[in-house]
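The structure file final_37.csv is reproduced below (CSV, C-alpha atoms).
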chain,number,residue,atom,x,y,z
A,1,MET,CA,9.7,-8.1,38.2
A,2,LEU,CA,12.2,-8.3,35.4
A,3,LEU,CA,11.2,-9.8,32.0
A,4,THR,CA,13.4,-12.7,30.7
A,5,TYR,CA,13.1,-12.2,26.9
A,6,SER,CA,11.3,-8.9,26.2
A,7,LYS,CA,13.3,-5.7,25.8
A,8,PRO,CA,12.3,-2.1,24.8
A,9,LEU,CA,11.8,-1.8,21.0
A,10,ASN,CA,13.3,0.7,18.7
A,11,LEU,CA,11.0,1.9,15.9
A,12,THR,CA,11.6,0.0,12.7
A,13,ILE,CA,10.7,2.9,10.4
A,14,GLY,CA,13.2,5.5,9.2
A,15,ASN,CA,11.0,8.6,9.3
A,16,ALA,CA,7.7,10.0,10.7
A,17,ARG,CA,5.7,8.5,7.8
A,18,VAL,CA,4.8,4.9,8.3
A,19,ASN,CA,4.6,2.7,5.2
A,20,PHE,CA,1.4,0.6,5.3
A,21,ASN,CA,2.2,-1.2,2.1
A,22,LYS,CA,0.7,-4.7,2.3
A,23,THR,CA,3.5,-6.3,0.4
A,24,PHE,CA,6.8,-7.2,1.9
A,25,LYS,CA,9.7,-8.5,-0.2
A,26,GLY,CA,7.3,-9.6,-2.8
A,27,ASP,CA,4.8,-11.4,-0.5
A,28,VAL,CA,1.2,-10.3,-0.2
A,29,LEU,CA,0.0,-9.7,3.4
A,30,LYS,CA,-3.3,-8.8,5.0
A,31,ARG,CA,-1.7,-5.9,7.0
A,32,SER,CA,1.7,-4.2,6.9
A,33,ILE,CA,4.7,-6.1,8.1
A,34,GLN,CA,5.0,-3.8,11.1
A,35,LEU,CA,1.8,-5.3,12.6
A,36,TYR,CA,3.1,-8.9,12.1
A,37,ARG,CA,6.3,-7.7,13.8
A,38,MET,CA,4.2,-6.4,16.8
A,39,TRP,CA,2.2,-9.6,17.0
A,40,PHE,CA,5.5,-11.5,17.2
A,41,PHE,CA,6.8,-9.3,20.1
A,42,PHE,CA,3.5,-9.4,21.9
A,43,VAL,CA,3.6,-13.2,21.8
A,44,ARG,CA,7.1,-13.0,23.3
A,45,LEU,CA,5.8,-10.7,26.0
A,46,THR,CA,3.0,-13.1,26.7
A,47,ILE,CA,5.5,-15.9,27.1
A,48,ASP,CA,7.4,-13.7,29.5
A,49,CYS,CA,4.2,-13.0,31.6
A,50,ASP,CA,3.4,-16.7,31.6
A,51,GLU,CA,6.8,-18.0,32.6
A,52,ASN,CA,7.4,-15.3,35.2
A,53,GLN,CA,3.9,-15.5,36.7
A,54,ILE,CA,3.2,-11.8,36.1
A,55,THR,CA,-0.3,-10.8,37.2
A,56,LEU,CA,-2.5,-8.7,34.9
A,57,ILE,CA,-5.8,-7.0,35.4
A,58,ASP,CA,-8.6,-8.7,33.4
A,59,PRO,CA,-10.6,-5.8,31.7
A,60,ASP,CA,-13.9,-7.6,32.1
A,61,THR,CA,-13.7,-8.9,35.7
A,62,LYS,CA,-11.2,-6.3,37.0
A,63,GLN,CA,-9.6,-9.2,38.8
A,64,LYS,CA,-5.9,-10.1,38.8
A,65,ILE,CA,-5.1,-13.1,36.6
A,66,LYS,CA,-2.1,-15.0,35.2
A,67,VAL,CA,-2.1,-15.7,31.5
A,68,LYS,CA,-1.3,-19.0,29.8
A,69,VAL,CA,-0.2,-19.0,26.2
A,70,ASP,CA,-2.5,-21.1,24.0
A,71,GLN,CA,0.1,-23.7,23.0
A,72,GLU,CA,-2.3,-25.4,20.5
A,73,PHE,CA,-3.1,-22.2,18.6
A,74,TYR,CA,0.5,-21.1,18.4
A,75,GLU,CA,1.9,-24.6,17.8
A,76,GLU,CA,3.1,-23.8,14.3
A,77,TRP,CA,4.9,-20.6,15.5
A,78,ASP,CA,7.7,-22.5,17.3
A,79,LEU,CA,7.4,-20.6,20.6
A,80,GLU,CA,10.8,-21.6,21.8
A,81,ARG,CA,12.3,-19.7,18.9
A,82,ILE,CA,10.2,-16.6,19.6
A,83,LYS,CA,11.9,-16.3,22.9
A,84,THR,CA,15.3,-15.5,21.4
A,85,ASP,CA,15.1,-15.2,17.6
A,86,THR,CA,15.1,-11.9,15.8
A,87,PHE,CA,11.8,-11.3,14.0
A,88,ASP,CA,13.4,-11.3,10.6
A,89,LEU,CA,15.1,-14.7,11.1
A,90,TRP,CA,11.9,-16.2,12.5
A,91,TRP,CA,9.7,-14.6,9.7
A,92,ASN,CA,11.9,-16.1,6.9
A,93,ASP,CA,11.1,-19.6,8.2
A,94,LYS,CA,7.4,-18.9,9.2
A,95,LYS,CA,6.1,-16.5,6.6
A,96,SER,CA,4.1,-19.2,4.8
A,97,LEU,CA,1.7,-19.1,7.8
A,98,PHE,CA,0.8,-15.5,7.0
A,99,ILE,CA,1.3,-14.7,3.4
A,100,GLN,CA,-1.5,-14.8,0.8
A,101,THR,CA,-0.3,-17.2,-1.9
A,102,GLU,CA,-1.0,-16.8,-5.5
A,103,PRO,CA,-2.6,-19.7,-7.6
A,104,THR,CA,0.1,-21.9,-9.2
A,105,VAL,CA,0.2,-24.9,-11.5
A,106,ILE,CA,1.5,-27.9,-9.7
A,107,ASP,CA,2.8,-31.3,-11.0
A,108,LYS,CA,2.7,-33.0,-7.6
A,109,ILE,CA,1.0,-32.3,-4.3
A,110,LYS,CA,3.6,-31.4,-1.8
A,111,ASP,CA,1.6,-29.5,0.7
A,112,ASP,CA,-1.5,-31.3,1.9
A,113,SER,CA,-2.4,-28.9,4.7
A,114,ASP,CA,-5.9,-27.6,5.1
A,115,ARG,CA,-4.8,-24.1,3.9
A,116,TYR,CA,-5.2,-25.3,0.3
A,117,PHE,CA,-7.6,-27.2,-1.9
A,118,TYR,CA,-6.8,-28.6,-5.3
A,119,LEU,CA,-8.8,-28.5,-8.5
A,120,LYS,CA,-8.7,-30.5,-11.7
A,121,ILE,CA,-9.7,-28.2,-14.6
A,122,HIS,CA,-10.0,-29.4,-18.2
A,123,LYS,CA,-7.8,-27.4,-20.4
A,124,GLY,CA,-10.7,-26.8,-22.8
A,125,SER,CA,-12.9,-25.3,-20.1
A,126,LYS,CA,-14.3,-21.8,-20.6
A,127,ILE,CA,-12.9,-19.2,-18.2
A,128,THR,CA,-16.4,-18.0,-17.3
A,129,ASP,CA,-17.4,-21.6,-16.3
A,130,VAL,CA,-14.3,-22.1,-14.2
A,131,THR,CA,-14.7,-18.7,-12.5
A,132,LYS,CA,-18.3,-19.6,-11.5
A,133,VAL,CA,-17.1,-22.8,-9.8
A,134,ILE,CA,-14.2,-21.2,-8.0
A,135,LYS,CA,-16.5,-18.3,-6.7
A,136,LYS,CA,-18.8,-20.9,-5.1
A,137,MET,CA,-15.8,-22.6,-3.4
A,138,ILE,CA,-14.1,-19.6,-2.0
A,139,VAL,CA,-15.7,-17.6,0.9
A,140,LYS,CA,-16.2,-14.0,0.0
A,141,ASP,CA,-13.4,-11.8,1.3
A,142,SER,CA,-11.6,-14.8,2.7
A,143,TYR,CA,-7.9,-14.8,3.3
A,144,SER,CA,-5.6,-17.7,2.7
A,145,SER,CA,-3.7,-17.5,5.9
A,146,LYS,CA,-4.8,-19.1,9.2
A,147,PHE,CA,-3.1,-16.2,11.0
A,148,GLY,CA,-4.8,-13.4,9.1
A,149,PHE,CA,-6.0,-10.1,10.5
A,150,THR,CA,-9.5,-9.0,11.2
A,151,LYS,CA,-8.7,-6.7,14.0
A,152,GLN,CA,-7.6,-3.1,13.4
A,153,HIS,CA,-4.3,-2.1,15.1
A,154,LYS,CA,-2.3,1.1,14.6
A,155,TYR,CA,1.4,0.4,14.5
A,156,LEU,CA,2.7,3.4,16.5
A,157,PRO,CA,0.2,3.2,19.4
A,158,THR,CA,0.7,-0.6,19.6
A,159,HIS,CA,4.5,-0.2,19.6
A,160,MET,CA,4.1,2.4,22.4
A,161,LYS,CA,1.9,0.1,24.5
A,162,TYR,CA,4.5,-2.6,24.3
A,163,ASN,CA,7.3,-0.3,25.4
A,164,VAL,CA,5.3,1.2,28.2
A,165,PHE,CA,4.6,-2.2,29.7
A,166,VAL,CA,8.3,-3.3,29.4
A,167,TRP,CA,9.6,0.0,30.9
A,168,ASN,CA,7.1,-0.5,33.8
A,169,LYS,CA,8.5,-4.0,34.4
A,170,MET,CA,12.0,-2.6,34.3
A,171,GLY,CA,11.2,-0.4,37.3
A,172,PHE,CA,10.6,3.0,35.7
A,173,ASN,CA,7.8,5.0,37.4
A,174,ARG,CA,5.0,6.6,35.5
A,175,LYS,CA,6.6,10.0,35.2
A,176,GLN,CA,9.9,8.5,33.9
A,177,ILE,CA,7.8,6.4,31.4
A,178,CYS,CA,6.1,9.6,30.2
A,179,GLU,CA,9.5,11.2,29.7
A,180,LEU,CA,10.8,8.1,27.8
A,181,ILE,CA,7.8,8.3,25.5
A,182,GLY,CA,8.5,12.0,24.8
A,183,THR,CA,12.1,11.1,23.9
A,184,ASN,CA,11.6,8.0,21.9
A,185,TYR,CA,8.5,9.1,19.9
A,186,LYS,CA,9.2,12.8,19.5
A,187,HIS,CA,9.5,12.6,15.7
A,188,TYR,CA,6.2,10.8,15.2
A,189,THR,CA,2.7,12.0,15.0
A,190,ALA,CA,1.1,9.4,17.2
A,191,ARG,CA,-0.8,10.7,20.2
A,192,LYS,CA,1.4,10.8,23.2
A,193,PRO,CA,0.3,10.9,26.9
A,194,LYS,CA,0.9,14.0,28.9
A,195,TRP,CA,2.0,13.9,32.4
A,196,ASP,CA,-0.4,14.8,35.2
A,197,ASP,CA,0.1,14.5,39.0
A,198,GLN,CA,-1.2,10.9,39.2
A,199,GLY,CA,0.1,9.6,35.9
A,200,ASN,CA,-3.4,8.5,34.8
A,201,SER,CA,-2.6,8.5,31.1
A,202,ILE,CA,0.3,6.0,31.7
A,203,ARG,CA,-2.0,3.9,33.9
A,204,ARG,CA,-4.6,3.7,31.1
A,205,ILE,CA,-1.9,2.6,28.6
A,206,LEU,CA,-0.8,-0.1,31.0
A,207,ARG,CA,-4.3,-1.4,31.5
A,208,ASN,CA,-4.8,-1.4,27.7
A,209,THR,CA,-1.6,-3.3,27.2
A,210,GLU,CA,-2.5,-5.9,29.8
A,211,SER,CA,-5.8,-6.4,27.9
A,212,LEU,CA,-3.9,-6.9,24.7
A,213,ILE,CA,-1.5,-9.4,26.3
A,214,ILE,CA,-4.5,-11.4,27.6
A,215,ASP,CA,-6.0,-11.4,24.1
A,216,THR,CA,-2.7,-12.4,22.6
A,217,SER,CA,-2.3,-15.3,24.9
A,218,LEU,CA,-5.2,-17.1,23.1
A,219,GLY,CA,-4.5,-15.8,19.6
A,220,ASN,CA,-6.7,-12.7,19.8
A,221,PHE,CA,-4.1,-10.3,18.6
A,222,GLY,CA,-5.0,-10.4,14.9
A,223,ILE,CA,-8.3,-12.3,14.9
A,224,LYS,CA,-11.2,-12.5,17.3
A,225,ARG,CA,-11.5,-15.8,19.1
A,226,GLU,CA,-13.1,-17.0,22.3
A,227,LYS,CA,-11.7,-15.3,25.4
A,228,PRO,CA,-9.6,-17.6,27.7
A,229,ILE,CA,-11.0,-18.7,31.0
A,230,TYR,CA,-8.3,-18.3,33.7
Since I need it in another form, could you write the structure as structure tokens?
Amino acid sequence: MLLTYSKPLNLTIGNARVNFNKTFKGDVLKRSIQLYRMWFFFVRLTIDCDENQITLIDPDTKQKIKVKVDQEFYEEWDLERIKTDTFDLWWNDKKSLFIQTEPTVIDKIKDDSDRYFYLKIHKGSKITDVTKVIKKMIVKDSYSSKFGFTKQHKYLPTHMKYNVFVWNKMGFNRKQICELIGTNYKHYTARKPKWDDQGNSIRRILRNTESLIIDTSLGNFGIKREKPIY
């Protein structure tokens, strides 16, 4: 079955060394921008599976299921735009959902969302006293983004999972997919599957990708939430 919105991805890095800097154009992120990019494309892929009624194998039950995108969790993402926008265009408008904002002095409250709280501090206060109060208010190791990362993903293997699934839905067989991996990732150090008579390594990647699509459908790509019940 053909996908409506999802296409094979080119690598967005210029050489074999991936930059995992957690800042992007001056913004502080929980993970490198490449992983937010992959989250975006996996949401698009999940929308494709949802709308095209593509069946996946649930890793827990081993049963075929059809995913549904958690519209409430992704409400602020503007899912209609994800279908067709480039990542960079979408990110420019939505990055406030992900970036870690620095403390600023404000004259008027413009953003009353639950991502922030506001303090009134006397100008004559001691720094040590203010610090003690703030430490009590902020959860240790917290991150100021609703869509932060607590899961560990490696960019190149995640990128490969995405492409393997898309190539499969485009009609390529397992041997052809193995050859495509060899061609598209030949300059990179990520572990690549080797062909065997049954194509078991490609099959494992497909099952892992289906599991990640199921997780993504409910917002489990970056953070751990309750599994959906289909």
Long-range neighbours of region 192-194 of chain A as a PyMOL selection string, 7 Å cut-off, only C-alpha atoms, 5 positions minimum in chain: chain A and resi 178+201-202
Within 12 Å of region 87-101 of chain A, which residues of region 12-75 of chain A show up? Give each one with its shortest atom-to-atom distance in Å (one decimal) and the two atoms involved, counting all atoms listed in the file, rows by chain then rising residue number, as a tab-separated table.
residue	atom	partner	partner_atom	distance
A:Thr12	CA	A:Phe87	CA	11.4
A:Lys22	CA	A:Ile99	CA	10.1
A:Thr23	CA	A:Ile99	CA	9.2
A:Phe24	CA	A:Ile99	CA	9.4
A:Lys25	CA	A:Asn92	CA	10.6
A:Gly26	CA	A:Ile99	CA	10.0
A:Asp27	CA	A:Ile99	CA	6.2
A:Val28	CA	A:Gln100	CA	5.3
A:Leu29	CA	A:Ile99	CA	5.2
A:Lys30	CA	A:Gln100	CA	7.5
A:Arg31	CA	A:Phe98	CA	9.9
A:Ser32	CA	A:Ile99	CA	11.1
A:Ile33	CA	A:Trp91	CA	10.0
A:Gln34	CA	A:Phe87	CA	10.5
A:Leu35	CA	A:Phe98	CA	11.7
A:Tyr36	CA	A:Phe98	CA	8.7
A:Arg37	CA	A:Phe87	CA	6.6
A:Met38	CA	A:Phe87	CA	9.5
A:Trp39	CA	A:Phe87	CA	10.2
A:Phe40	CA	A:Phe87	CA	7.1
A:Phe41	CA	A:Phe87	CA	8.1
A:Phe42	CA	A:Phe87	CA	11.6
A:Val43	CA	A:Phe87	CA	11.5
A:Arg44	CA	A:Phe87	CA	10.6
A:Tyr74	CA	A:Leu97	CA	10.9
A:Glu75	CA	A:Leu97	CA	11.4
Atomic distance CA of Val67 (chain A) - CA of Ser6 (chain A), expressed in Å with one decimal: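 CA of Val67 (chain A) sits 15.9 Å away from CA of Ser6 (chain A).
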Nearest to Cys49 (chain A) by atom-to-atom distance, counting all atoms listed in the file, from A:Ile127, A:Leu3, A:Ile177, A:Leu119: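 Closest candidate: A:Leu3.
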For CA of Lys83 (chain A) and CA of Lys7 (chain A), the interatomic separation in Å (one decimal):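 Between CA of Lys83 (chain A) and CA of Lys7 (chain A) the gap works out to 11.1 Å.
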Best match for closeness to Asp48 (chain A) among A:Trp77, A:Trp167, A:Trp195, A:Tyr5, counting only C-alpha atoms: A:Tyr5
Close residues, Ile57 (chain A) itself excluded, 8 Å, all atoms listed in the file, min 5 positions apart in chain, as JSON, numbers by chain: {"A": [62, 63, 64, 65, 207, 210, 211]}
Point-to-point distance in Å for CA of Leu180 (chain A) and CA of Pro59 (chain A):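 Value for the CA of Pro59 (chain A)-CA of Leu180 (chain A) distance: 25.8 Å.
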Long-range neighbours of Asn52 (chain A) as a ChimeraX atom specification, 10 Å cut-off, only C-alpha atoms, 2 positions minimum in chain: /A:1-4,46-50,54-55,66
Shortest interatomic distance to Val166 (chain A) - which of A:Ile82, A:Ile109, A:Leu206, A:Leu212, counting all atoms listed in the file: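 Among A:Ile82, A:Ile109, A:Leu206, A:Leu212, it is A:Leu206 that comes nearest to Val166 (chain A).
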